[in-house]
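**Q** Here you go, final_21.json (JSON, C-alpha atoms):
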[["chain", "number", "residue", "atom", "x", "y", "z"],
["A", 1, "MET", "CA", 83.49, 46.56, 14.55],
["A", 2, "SER", "CA", 80.77, 44.11, 13.64],
["A", 3, "GLY", "CA", 80.54, 40.43, 12.81],
["A", 4, "SER", "CA", 79.90, 37.15, 14.58],
["A", 5, "LYS", "CA", 81.65, 36.31, 17.83],
["A", 6, "CYS", "CA", 84.50, 33.80, 18.18],
["A", 7, "THR", "CA", 86.18, 35.07, 15.00],
["A", 8, "ARG", "CA", 89.77, 34.17, 14.24],
["A", 9, "LEU", "CA", 91.80, 37.37, 14.53],
["A", 10, "ALA", "CA", 94.08, 37.66, 11.50],
["A", 11, "GLY", "CA", 95.10, 39.94, 8.63],
["A", 12, "PRO", "CA", 93.63, 43.48, 8.51],
["A", 13, "LEU", "CA", 91.28, 42.64, 11.39],
["A", 14, "VAL", "CA", 94.20, 42.76, 13.86],
["A", 15, "LYS", "CA", 95.05, 46.37, 13.05],
["A", 16, "GLN", "CA", 91.35, 47.30, 13.01],
["A", 17, "LEU", "CA", 90.86, 45.87, 16.52],
["A", 18, "LEU", "CA", 93.99, 47.52, 17.93],
["A", 19, "GLU", "CA", 92.93, 50.89, 16.51],
["A", 20, "SER", "CA", 89.55, 50.55, 18.25],
["A", 21, "VAL", "CA", 91.09, 50.32, 21.76],
["A", 22, "ASP", "CA", 93.18, 52.54, 24.02],
["A", 23, "THR", "CA", 93.68, 50.00, 26.84],
["A", 24, "VAL", "CA", 94.63, 46.31, 26.79],
["A", 25, "LEU", "CA", 94.27, 44.03, 29.82],
["A", 26, "PHE", "CA", 96.28, 40.81, 29.87],
["A", 27, "ASP", "CA", 95.91, 37.77, 32.06],
["A", 28, "CYS", "CA", 99.34, 36.31, 32.94],
["A", 29, "ASP", "CA", 99.43, 32.51, 33.42],
["A", 30, "GLY", "CA", 98.83, 30.85, 30.05],
["A", 31, "VAL", "CA", 98.82, 34.19, 28.20],
["A", 32, "ILE", "CA", 102.19, 35.93, 28.59],
["A", 33, "TRP", "CA", 103.93, 33.01, 30.30],
["A", 34, "ARG", "CA", 103.56, 29.39, 31.35],
["A", 35, "GLY", "CA", 105.16, 28.76, 34.73],
["A", 36, "ASP", "CA", 108.56, 30.46, 34.47],
["A", 37, "GLN", "CA", 108.75, 30.48, 30.67],
["A", 38, "ALA", "CA", 107.57, 33.51, 28.70],
["A", 39, "ILE", "CA", 105.30, 32.84, 25.71],
["A", 40, "PRO", "CA", 107.50, 33.46, 22.64],
["A", 41, "GLY", "CA", 106.95, 37.00, 21.34],
["A", 42, "ALA", "CA", 104.87, 38.09, 24.36],
["A", 43, "SER", "CA", 107.32, 40.69, 25.67],
["A", 44, "GLN", "CA", 107.62, 42.29, 22.22],
["A", 45, "VAL", "CA", 103.82, 42.53, 21.96],
["A", 46, "ILE", "CA", 103.51, 44.21, 25.38],
["A", 47, "ASN", "CA", 106.41, 46.60, 24.77],
["A", 48, "LEU", "CA", 105.22, 47.55, 21.26],
["A", 49, "LEU", "CA", 101.66, 48.20, 22.48],
["A", 50, "LYS", "CA", 103.11, 50.66, 24.99],
["A", 51, "GLU", "CA", 105.28, 52.26, 22.33],
["A", 52, "ARG", "CA", 102.12, 52.74, 20.24],
["A", 53, "GLY", "CA", 100.58, 54.69, 23.14],
["A", 54, "LYS", "CA", 98.30, 51.97, 24.53],
["A", 55, "LYS", "CA", 97.73, 51.62, 28.26],
["A", 56, "VAL", "CA", 98.60, 48.04, 29.27],
["A", 57, "PHE", "CA", 97.61, 46.33, 32.52],
["A", 58, "PHE", "CA", 97.92, 42.83, 33.93],
["A", 59, "VAL", "CA", 94.99, 41.22, 35.74],
["A", 60, "THR", "CA", 95.80, 37.87, 37.32],
["A", 61, "ASN", "CA", 93.87, 35.56, 39.62],
["A", 62, "ASN", "CA", 97.13, 34.10, 40.92],
["A", 63, "SER", "CA", 97.52, 35.21, 44.56],
["A", 64, "THR", "CA", 101.04, 33.88, 45.20],
["A", 65, "LYS", "CA", 102.84, 37.16, 44.39],
["A", 66, "THR", "CA", 102.62, 40.81, 45.38],
["A", 67, "ARG", "CA", 102.43, 43.49, 42.70],
["A", 68, "LYS", "CA", 106.13, 44.18, 43.22],
["A", 69, "MET", "CA", 107.02, 40.49, 42.79],
["A", 70, "TYR", "CA", 105.01, 40.30, 39.56],
["A", 71, "ALA", "CA", 106.69, 43.41, 38.16],
["A", 72, "GLU", "CA", 110.12, 41.94, 38.99],
["A", 73, "LYS", "CA", 109.25, 38.61, 37.31],
["A", 74, "MET", "CA", 108.01, 40.41, 34.20],
["A", 75, "SER", "CA", 111.02, 42.73, 34.01],
["A", 76, "ALA", "CA", 113.35, 39.72, 34.21],
["A", 77, "MET", "CA", 111.49, 38.24, 31.20],
["A", 78, "GLY", "CA", 111.94, 41.42, 29.17],
["A", 79, "PHE", "CA", 108.56, 43.07, 29.74],
["A", 80, "ASN", "CA", 108.45, 46.85, 30.19],
["A", 81, "VAL", "CA", 106.21, 46.90, 33.29],
["A", 82, "THR", "CA", 105.69, 48.96, 36.45],
["A", 83, "GLU", "CA", 104.24, 47.73, 39.73],
["A", 84, "ASN", "CA", 101.16, 49.97, 39.39],
["A", 85, "GLU", "CA", 100.16, 48.21, 36.17],
["A", 86, "VAL", "CA", 99.70, 44.86, 37.93],
["A", 87, "PHE", "CA", 96.38, 43.92, 39.53],
["A", 88, "GLY", "CA", 96.63, 40.53, 41.24],
["A", 89, "THR", "CA", 94.13, 38.95, 43.60],
["A", 90, "ALA", "CA", 96.47, 39.37, 46.60],
["A", 91, "TYR", "CA", 96.37, 43.16, 46.09],
["A", 92, "CYS", "CA", 92.69, 43.32, 45.09],
["A", 93, "CYS", "CA", 91.60, 41.15, 48.02],
["A", 94, "ALA", "CA", 93.29, 43.54, 50.45],
["A", 95, "ALA", "CA", 91.67, 46.50, 48.69],
["A", 96, "TYR", "CA", 88.26, 44.81, 48.82],
["A", 97, "LEU", "CA", 88.48, 44.11, 52.56],
["A", 98, "LYS", "CA", 89.68, 47.65, 53.28],
["A", 99, "THR", "CA", 87.46, 49.73, 50.99],
["A", 100, "ILE", "CA", 84.29, 47.68, 50.43],
["A", 101, "CYS", "CA", 84.02, 45.59, 53.62],
["A", 102, "LYS", "CA", 85.69, 48.26, 55.78],
["A", 103, "LEU", "CA", 87.01, 45.36, 57.87],
["A", 104, "GLU", "CA", 87.83, 46.10, 61.49],
["A", 105, "GLY", "CA", 89.68, 43.11, 62.88],
["A", 106, "LYS", "CA", 92.06, 40.38, 61.78],
["A", 107, "VAL", "CA", 91.88, 37.90, 58.92],
["A", 108, "TYR", "CA", 92.30, 34.13, 59.19],
["A", 109, "LEU", "CA", 94.31, 33.67, 56.01],
["A", 110, "VAL", "CA", 94.47, 30.43, 54.06],
["A", 111, "GLY", "CA", 97.00, 31.84, 51.64],
["A", 112, "SER", "CA", 100.52, 32.90, 50.78],
["A", 113, "PRO", "CA", 103.15, 35.20, 52.32],
["A", 114, "ALA", "CA", 102.42, 37.55, 49.38],
["A", 115, "MET", "CA", 98.80, 37.85, 50.49],
["A", 116, "ARG", "CA", 99.98, 38.57, 54.03],
["A", 117, "GLN", "CA", 102.21, 41.37, 52.69],
["A", 118, "GLU", "CA", 99.38, 42.96, 50.67],
["A", 119, "LEU", "CA", 97.01, 42.78, 53.67],
["A", 120, "GLU", "CA", 99.58, 44.32, 56.00],
["A", 121, "ALA", "CA", 100.28, 47.06, 53.44],
["A", 122, "VAL", "CA", 96.71, 48.34, 53.98],
["A", 123, "GLY", "CA", 96.86, 47.87, 57.76],
["A", 124, "ILE", "CA", 95.08, 44.50, 58.06],
["A", 125, "GLN", "CA", 96.64, 41.95, 60.41],
["A", 126, "GLN", "CA", 96.36, 38.23, 59.72],
["A", 127, "THR", "CA", 96.98, 34.82, 61.22],
["A", 128, "GLY", "CA", 97.31, 31.47, 59.48],
["A", 129, "VAL", "CA", 100.16, 31.65, 56.94],
["A", 130, "GLY", "CA", 102.44, 28.59, 56.92],
["A", 131, "PRO", "CA", 101.98, 24.93, 57.92],
["A", 132, "ASP", "CA", 99.36, 23.96, 60.54],
["A", 133, "HIS", "CA", 99.85, 20.32, 61.54],
["A", 134, "VAL", "CA", 97.11, 18.02, 62.78],
["A", 135, "SER", "CA", 97.14, 16.74, 66.36],
["A", 136, "GLY", "CA", 94.64, 15.38, 68.90],
["A", 137, "LYS", "CA", 91.20, 13.87, 68.25],
["A", 138, "PRO", "CA", 88.03, 15.13, 66.51],
["A", 139, "ILE", "CA", 86.68, 16.66, 69.73],
["A", 140, "ASP", "CA", 89.94, 18.63, 70.03],
["A", 141, "TRP", "CA", 89.60, 19.80, 66.43],
["A", 142, "ALA", "CA", 86.04, 21.05, 67.07],
["A", 143, "ASN", "CA", 87.37, 23.07, 70.03],
["A", 144, "VAL", "CA", 90.51, 24.41, 68.37],
["A", 145, "PRO", "CA", 91.62, 27.75, 69.89],
["A", 146, "LEU", "CA", 90.37, 30.73, 67.85],
["A", 147, "ASP", "CA", 91.63, 34.31, 67.80],
["A", 148, "PRO", "CA", 88.70, 36.49, 68.99],
["A", 149, "GLU", "CA", 89.96, 39.38, 66.83],
["A", 150, "VAL", "CA", 89.44, 37.44, 63.57],
["A", 151, "LYS", "CA", 86.47, 38.88, 61.67],
["A", 152, "ALA", "CA", 87.06, 37.36, 58.22],
["A", 153, "VAL", "CA", 88.28, 34.15, 56.58],
["A", 154, "VAL", "CA", 90.17, 34.70, 53.33],
["A", 155, "VAL", "CA", 91.09, 31.82, 51.01],
["A", 156, "GLY", "CA", 93.77, 32.13, 48.33],
["A", 157, "PHE", "CA", 96.39, 29.74, 47.02],
["A", 158, "ASP", "CA", 98.09, 27.94, 49.92],
["A", 159, "GLU", "CA", 100.70, 25.25, 49.32],
["A", 160, "HIS", "CA", 100.33, 24.31, 52.99],
["A", 161, "PHE", "CA", 96.56, 23.71, 52.74],
["A", 162, "SER", "CA", 95.59, 20.92, 55.13],
["A", 163, "TYR", "CA", 92.75, 19.31, 57.06],
["A", 164, "THR", "CA", 93.74, 21.41, 60.07],
["A", 165, "LYS", "CA", 93.43, 24.64, 58.10],
["A", 166, "LEU", "CA", 90.13, 23.50, 56.62],
["A", 167, "ASN", "CA", 88.84, 22.80, 60.11],
["A", 168, "ARG", "CA", 90.08, 26.09, 61.55],
["A", 169, "ALA", "CA", 88.42, 28.01, 58.70],
["A", 170, "LEU", "CA", 85.18, 26.14, 59.41],
["A", 171, "GLN", "CA", 85.26, 27.01, 63.12],
["A", 172, "TYR", "CA", 85.66, 30.72, 62.33],
["A", 173, "LEU", "CA", 82.92, 30.59, 59.69],
["A", 174, "LEU", "CA", 80.47, 29.02, 62.13],
["A", 175, "GLN", "CA", 80.38, 32.53, 63.58],
["A", 176, "LYS", "CA", 77.68, 34.11, 61.40],
["A", 177, "ASP", "CA", 79.20, 37.60, 61.45],
["A", 178, "CYS", "CA", 82.53, 36.30, 60.10],
["A", 179, "LEU", "CA", 83.15, 37.49, 56.53],
["A", 180, "PHE", "CA", 84.11, 34.90, 53.92],
["A", 181, "VAL", "CA", 86.21, 36.03, 50.94],
["A", 182, "GLY", "CA", 88.03, 34.04, 48.26],
["A", 183, "THR", "CA", 90.56, 35.29, 45.73],
["A", 184, "ASN", "CA", 89.29, 33.26, 42.75],
["A", 185, "ARG", "CA", 87.71, 30.01, 41.53],
["A", 186, "ASP", "CA", 90.31, 28.82, 38.98],
["A", 187, "THR", "CA", 90.50, 25.05, 39.43],
["A", 188, "ARG", "CA", 93.78, 24.58, 37.55],
["A", 189, "LEU", "CA", 97.02, 26.48, 37.08],
["A", 190, "PRO", "CA", 98.64, 25.88, 33.65],
["A", 191, "LEU", "CA", 102.40, 25.19, 33.61],
["A", 192, "GLU", "CA", 105.15, 24.58, 31.06],
["A", 193, "GLY", "CA", 104.81, 21.64, 28.68],
["A", 194, "GLY", "CA", 101.03, 21.47, 28.90],
["A", 195, "LYS", "CA", 101.11, 20.39, 32.55],
["A", 196, "ALA", "CA", 98.81, 21.75, 35.27],
["A", 197, "VAL", "CA", 98.37, 21.70, 39.06],
["A", 198, "PRO", "CA", 95.24, 22.22, 41.21],
["A", 199, "GLY", "CA", 94.27, 25.88, 41.57],
["A", 200, "THR", "CA", 92.78, 27.99, 44.37],
["A", 201, "GLY", "CA", 89.22, 27.07, 43.33],
["A", 202, "CYS", "CA", 89.80, 23.54, 44.65],
["A", 203, "LEU", "CA", 90.77, 24.87, 48.10],
["A", 204, "LEU", "CA", 87.94, 27.40, 48.16],
["A", 205, "GLN", "CA", 85.36, 24.76, 47.27],
["A", 206, "ALA", "CA", 86.60, 22.58, 50.13],
["A", 207, "VAL", "CA", 86.14, 25.42, 52.65],
["A", 208, "GLU", "CA", 82.73, 26.32, 51.18],
["A", 209, "THR", "CA", 81.61, 22.69, 51.44],
["A", 210, "ALA", "CA", 82.74, 22.40, 55.05],
["A", 211, "ALA", "CA", 81.23, 25.75, 56.09],
["A", 212, "GLN", "CA", 78.07, 25.35, 53.98],
["A", 213, "ARG", "CA", 78.59, 28.98, 52.97],
["A", 214, "GLN", "CA", 79.57, 30.61, 49.68],
["A", 215, "ALA", "CA", 82.51, 33.00, 49.58],
["A", 216, "GLN", "CA", 82.51, 36.37, 47.86],
["A", 217, "THR", "CA", 85.31, 36.20, 45.29],
["A", 218, "VAL", "CA", 87.25, 39.30, 44.18],
["A", 219, "GLY", "CA", 89.10, 37.82, 41.19],
["A", 220, "LYS", "CA", 87.91, 37.35, 37.62],
["A", 221, "PRO", "CA", 85.14, 37.11, 36.48],
["A", 222, "ASN", "CA", 83.97, 39.40, 39.30],
["A", 223, "HIS", "CA", 83.97, 43.00, 38.05],
["A", 224, "PHE", "CA", 85.75, 44.27, 41.22],
["A", 225, "MET", "CA", 89.22, 43.79, 39.70],
["A", 226, "PHE", "CA", 88.28, 45.88, 36.65],
["A", 227, "ASP", "CA", 86.58, 48.50, 38.85],
["A", 228, "CYS", "CA", 89.81, 48.83, 40.88],
["A", 229, "LEU", "CA", 91.84, 49.45, 37.76],
["A", 230, "ALA", "CA", 89.30, 51.68, 35.99],
["A", 231, "ALA", "CA", 88.91, 53.93, 39.05],
["A", 232, "GLN", "CA", 92.68, 54.47, 39.32],
["A", 233, "PHE", "CA", 93.44, 54.97, 35.63],
["A", 234, "GLY", "CA", 90.23, 56.25, 34.02],
["A", 235, "VAL", "CA", 89.78, 53.33, 31.62],
["A", 236, "GLU", "CA", 86.92, 53.57, 29.08],
["A", 237, "ARG", "CA", 85.09, 50.23, 28.83],
["A", 238, "GLU", "CA", 84.16, 50.79, 25.19],
["A", 239, "ARG", "CA", 87.81, 51.19, 24.19],
["A", 240, "CYS", "CA", 89.27, 48.36, 26.28],
["A", 241, "LEU", "CA", 90.32, 44.84, 25.25],
["A", 242, "MET", "CA", 90.59, 41.87, 27.64],
["A", 243, "VAL", "CA", 93.06, 39.17, 26.55],
["A", 244, "GLY", "CA", 92.99, 35.81, 28.33],
["A", 245, "ASP", "CA", 93.21, 32.04, 28.06],
["A", 246, "ARG", "CA", 90.19, 31.08, 30.19],
["A", 247, "LEU", "CA", 86.60, 31.42, 29.06],
["A", 248, "ASP", "CA", 85.11, 31.21, 32.57],
["A", 249, "THR", "CA", 87.32, 33.92, 34.10],
["A", 250, "ASP", "CA", 89.04, 36.17, 31.54],
["A", 251, "ILE", "CA", 86.41, 36.22, 28.80],
["A", 252, "MET", "CA", 83.55, 36.29, 31.31],
["A", 253, "LEU", "CA", 85.18, 39.27, 33.04],
["A", 254, "GLY", "CA", 85.28, 41.09, 29.70],
["A", 255, "SER", "CA", 81.62, 40.26, 29.07],
["A", 256, "ASN", "CA", 80.60, 41.32, 32.60],
["A", 257, "CYS", "CA", 82.35, 44.68, 32.16],
["A", 258, "GLY", "CA", 81.39, 45.44, 28.55],
["A", 259, "LEU", "CA", 84.92, 45.02, 27.13],
["A", 260, "LYS", "CA", 86.09, 43.58, 23.82],
["A", 261, "THR", "CA", 87.49, 40.06, 24.35],
["A", 262, "LEU", "CA", 90.30, 38.02, 22.83],
["A", 263, "LEU", "CA", 90.99, 34.36, 23.66],
["A", 264, "THR", "CA", 94.55, 33.09, 23.27],
["A", 265, "LEU", "CA", 95.04, 29.33, 22.88],
["A", 266, "THR", "CA", 98.34, 29.06, 24.82],
["A", 267, "GLY", "CA", 96.60, 28.22, 28.12],
["A", 268, "VAL", "CA", 93.48, 26.44, 29.36],
["A", 269, "SER", "CA", 90.46, 26.95, 27.08],
["A", 270, "THR", "CA", 89.87, 25.89, 23.47],
["A", 271, "VAL", "CA", 87.92, 27.24, 20.50],
["A", 272, "ALA", "CA", 85.77, 24.08, 20.57],
["A", 273, "GLU", "CA", 84.66, 24.94, 24.14],
["A", 274, "ALA", "CA", 83.85, 28.50, 23.09],
["A", 275, "GLN", "CA", 81.80, 27.24, 20.14],
["A", 276, "LYS", "CA", 79.84, 24.91, 22.43],
["A", 277, "HIS", "CA", 78.96, 27.88, 24.64],
["A", 278, "GLN", "CA", 77.97, 29.87, 21.53],
["A", 279, "GLU", "CA", 75.69, 27.09, 20.28],
["A", 280, "SER", "CA", 74.16, 26.34, 23.69],
["A", 281, "GLY", "CA", 71.37, 28.91, 23.49],
["A", 282, "CYS", "CA", 72.08, 29.67, 27.17],
["A", 283, "ALA", "CA", 72.36, 33.41, 27.91],
["A", 284, "GLU", "CA", 74.88, 32.92, 30.73],
["A", 285, "ARG", "CA", 77.14, 30.76, 28.58],
["A", 286, "GLN", "CA", 77.18, 33.44, 25.86],
["A", 287, "GLY", "CA", 79.28, 35.51, 28.28],
["A", 288, "MET", "CA", 82.06, 32.93, 27.84],
["A", 289, "VAL", "CA", 82.20, 33.37, 24.06],
["A", 290, "PRO", "CA", 85.10, 35.66, 23.02],
["A", 291, "ASP", "CA", 84.81, 38.23, 20.26],
["A", 292, "TYR", "CA", 88.07, 36.94, 18.75],
["A", 293, "TYR", "CA", 90.70, 34.25, 19.21],
["A", 294, "VAL", "CA", 94.39, 33.80, 18.31],
["A", 295, "GLU", "CA", 96.80, 30.89, 18.60],
["A", 296, "SER", "CA", 99.12, 33.12, 20.68],
["A", 297, "ILE", "CA", 99.36, 36.82, 21.47],
["A", 298, "ALA", "CA", 102.47, 36.72, 19.25],
["A", 299, "ASP", "CA", 99.93, 36.73, 16.36],
["A", 300, "LEU", "CA", 99.54, 40.47, 17.09],
["A", 301, "LEU", "CA", 103.19, 41.15, 16.29],
["A", 302, "PRO", "CA", 102.97, 41.69, 12.47],
["A", 303, "ALA", "CA", 100.32, 44.41, 12.91],
["A", 304, "LEU", "CA", 102.39, 46.12, 15.61],
["A", 305, "GLN", "CA", 105.65, 45.91, 13.67],
["A", 306, "GLY", "CA", 104.13, 47.08, 10.36]]
The structure in this file should be written as structure tokens.

**A**
Amino acid sequence: MSGSKCTRLAGPLVKQLLESVDTVLFDCDGVIWRGDQAIPGASQVINLLKERGKKVFFVTNNSTKTRKMYAEKMSAMGFNVTENEVFGTAYCCAAYLKTICKLEGKVYLVGSPAMRQELEAVGIQQTGVGPDHVSGKPIDWANVPLDPEVKAVVVGFDEHFSYTKLNRALQYLLQKDCLFVGTNRDTRLPLEGGKAVPGTGCLLQAVETAAQRQAQTVGKPNHFMFDCLAAQFGVERERCLMVGDRLDTDIMLGSNCGLKTLLTLTGVSTVAEAQKHQESGCAERQGMVPDYYVESIADLLPALQG
């Protein structure tokens, strides 16, 4: 398929694109749902793609749920999904620490109970989940007790994020051999009604600033999440489509991995932002320009129902 990038996907072009791919990857927040509300028509699109013989997977930077929890949420919304089709950053972070880092030791986890479950599922122990209240004076904070078995600091979404946690992460990271891993850099999480809340990227940047170190992130746009999926299911890059609502994560992941890309306008990014990247003349920013865009993934329905 040829033509300029950032093309509105409509008419015969929809069927042409779908026929050119065997696998479709979907982001979740802002693409198939907002908060706890499914995007209208999303479940029909997913289920029809599967009926047409397409492999469908879900790649989300949200680290607040395990694969099982995501599958349950999707099933309750009418999506035909299995746990193995979900690749979240909680799962991928655990896989990264186990298979790439070959971590021997505990993790200081700034994150969710779901992340703890995924870590423990691969045999990695953690400390840190839950509230950690401030007490004492600055000299006490600088000498906070540390677990000598901790060999990595991992930062995901943590509703209990606090100064005390920030400080404890810093104290571990002052040890030069301590690994530093983040789930993702999304700065906002889109919700129902066009609302948003701060995302994991805000927490990760705070820890990076305090530690004066940069974390290795496993979520989009890092190719590790796609590599995980491709290795397990034999996905061909050339016949794979990435569908997302964020240019800097979803579309950039597709570009980084040589996939076709489709931006949906039900989440964070806009066509105007994509066009600015396209007109910038900057090679890096070209990676954030999608091949196609739609108002909603429901725009795929007529081609699938025909």

**Q** Could you please determine the separation between CA of Asp29 (chain A) and CA of Leu259 (chain A) in Å, to one decimal place?

**A**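 Between CA of Asp29 (chain A) and CA of Leu259 (chain A) the gap is 20.2 Å.
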
**Q** Measuring atom to atom with all atoms listed in the file, identify which of A:Leu189, A:Leu263, A:Leu166, A:Val45 is nearest to Ala211 (chain A).

**A**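 Of the candidates, the smallest distance to Ala211 (chain A) is held by A:Leu166.
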
**Q** I want to know what sits within 10 Å of Ala152 (chain A), based on only C-alpha atoms, with residues of the same chain fewer than 6 positions away left out; could you give that as a compact mmCIF listing (two decimals) with C-alpha atoms, in the frame of the given file?

**A**
# COMPACT_ATOMS: atom_id res chain seq x y z
CA LEU A 97 88.48 44.11 52.56
CA CYS A 101 84.02 45.59 53.62
CA LEU A 103 87.01 45.36 57.87
CA GLU A 104 87.83 46.10 61.49
CA GLY A 105 89.68 43.11 62.88
CA LYS A 106 92.06 40.38 61.78
CA VAL A 107 91.88 37.90 58.92
CA TYR A 108 92.30 34.13 59.19
CA LEU A 109 94.31 33.67 56.01
CA GLN A 126 96.36 38.23 59.72
CA ALA A 169 88.42 28.01 58.70
CA TYR A 172 85.66 30.72 62.33
CA LEU A 173 82.92 30.59 59.69
CA GLN A 175 80.38 32.53 63.58
CA ASP A 177 79.20 37.60 61.45
CA CYS A 178 82.53 36.30 60.10
CA LEU A 179 83.15 37.49 56.53
CA PHE A 180 84.11 34.90 53.92
CA VAL A 181 86.21 36.03 50.94

**Q** Kindly give the distance, in Å, that separates CA of Val150 (chain A) and CA of Met225 (chain A), rounded to a single decimal.

**A**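 Computing it gives 24.7 Å between the two atoms.
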
**Q** Tell me which protein, DNA and RNA residues are within 12 Å of Arg246 (chain A), counting only C-alpha atoms, leaving out same-chain ones fewer than 5 positions away, and put them as a PyMOL selection string.

**A** chain A and resi 26-31+60-61+185-190+220-221+251-254+261-271+273-274+287-290+293

**Q** Would you mind listing what lies within 12 Å of region 200-207 of chain A as a PyMOL selection string, with all atoms listed in the file counted and same-chain residues fewer than 4 positions away left out?

**A** chain A and resi 61-64+89+109-112+153-174+180-189+211-217+219-220+249

**Q** Between A:Lys176, A:Arg285, A:Lys260, A:Arg34, single out the one closest to Asp248 (chain A), counting all atoms listed in the file.

**A** A:Arg285

**Q** Choose the residue, out of A:Thr7, A:Asn256, A:Asp250, A:Ser296, that has the smallest atom-to-atom separation from Gly41 (chain A); count all atoms listed in the file.

**A**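 Closest to Gly41 (chain A), using all atoms listed in the file: A:Ser296.
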
**Q** Please provide as a list of chain:residue names all residues within 8 Å of Phe57 (chain A), with the sequence filter that same-chain residues fewer than 3 positions apart are discarded (counting all atoms listed in the file).

**A**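 The residues satisfying every condition are A:Thr23, A:Val24, A:Leu25, A:Phe26, A:Glu85, A:Val86, A:Phe87.
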
**Q** In Å, with one decimal, what is the gap from CA of Glu208 (chain A) to CA of Leu247 (chain A)?

**A**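 Taking CA of Glu208 (chain A) as the start and CA of Leu247 (chain A) as the end point, the length is 23.0 Å.
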
**Q** Which neighbours of Ala121 (chain A) fall inside 9 Å, counting all atoms listed in the file, when residues of the same chain fewer than 4 positions from it are skipped, and could you give them as a ChimeraX atom specification?

**A** /A:94,116-117
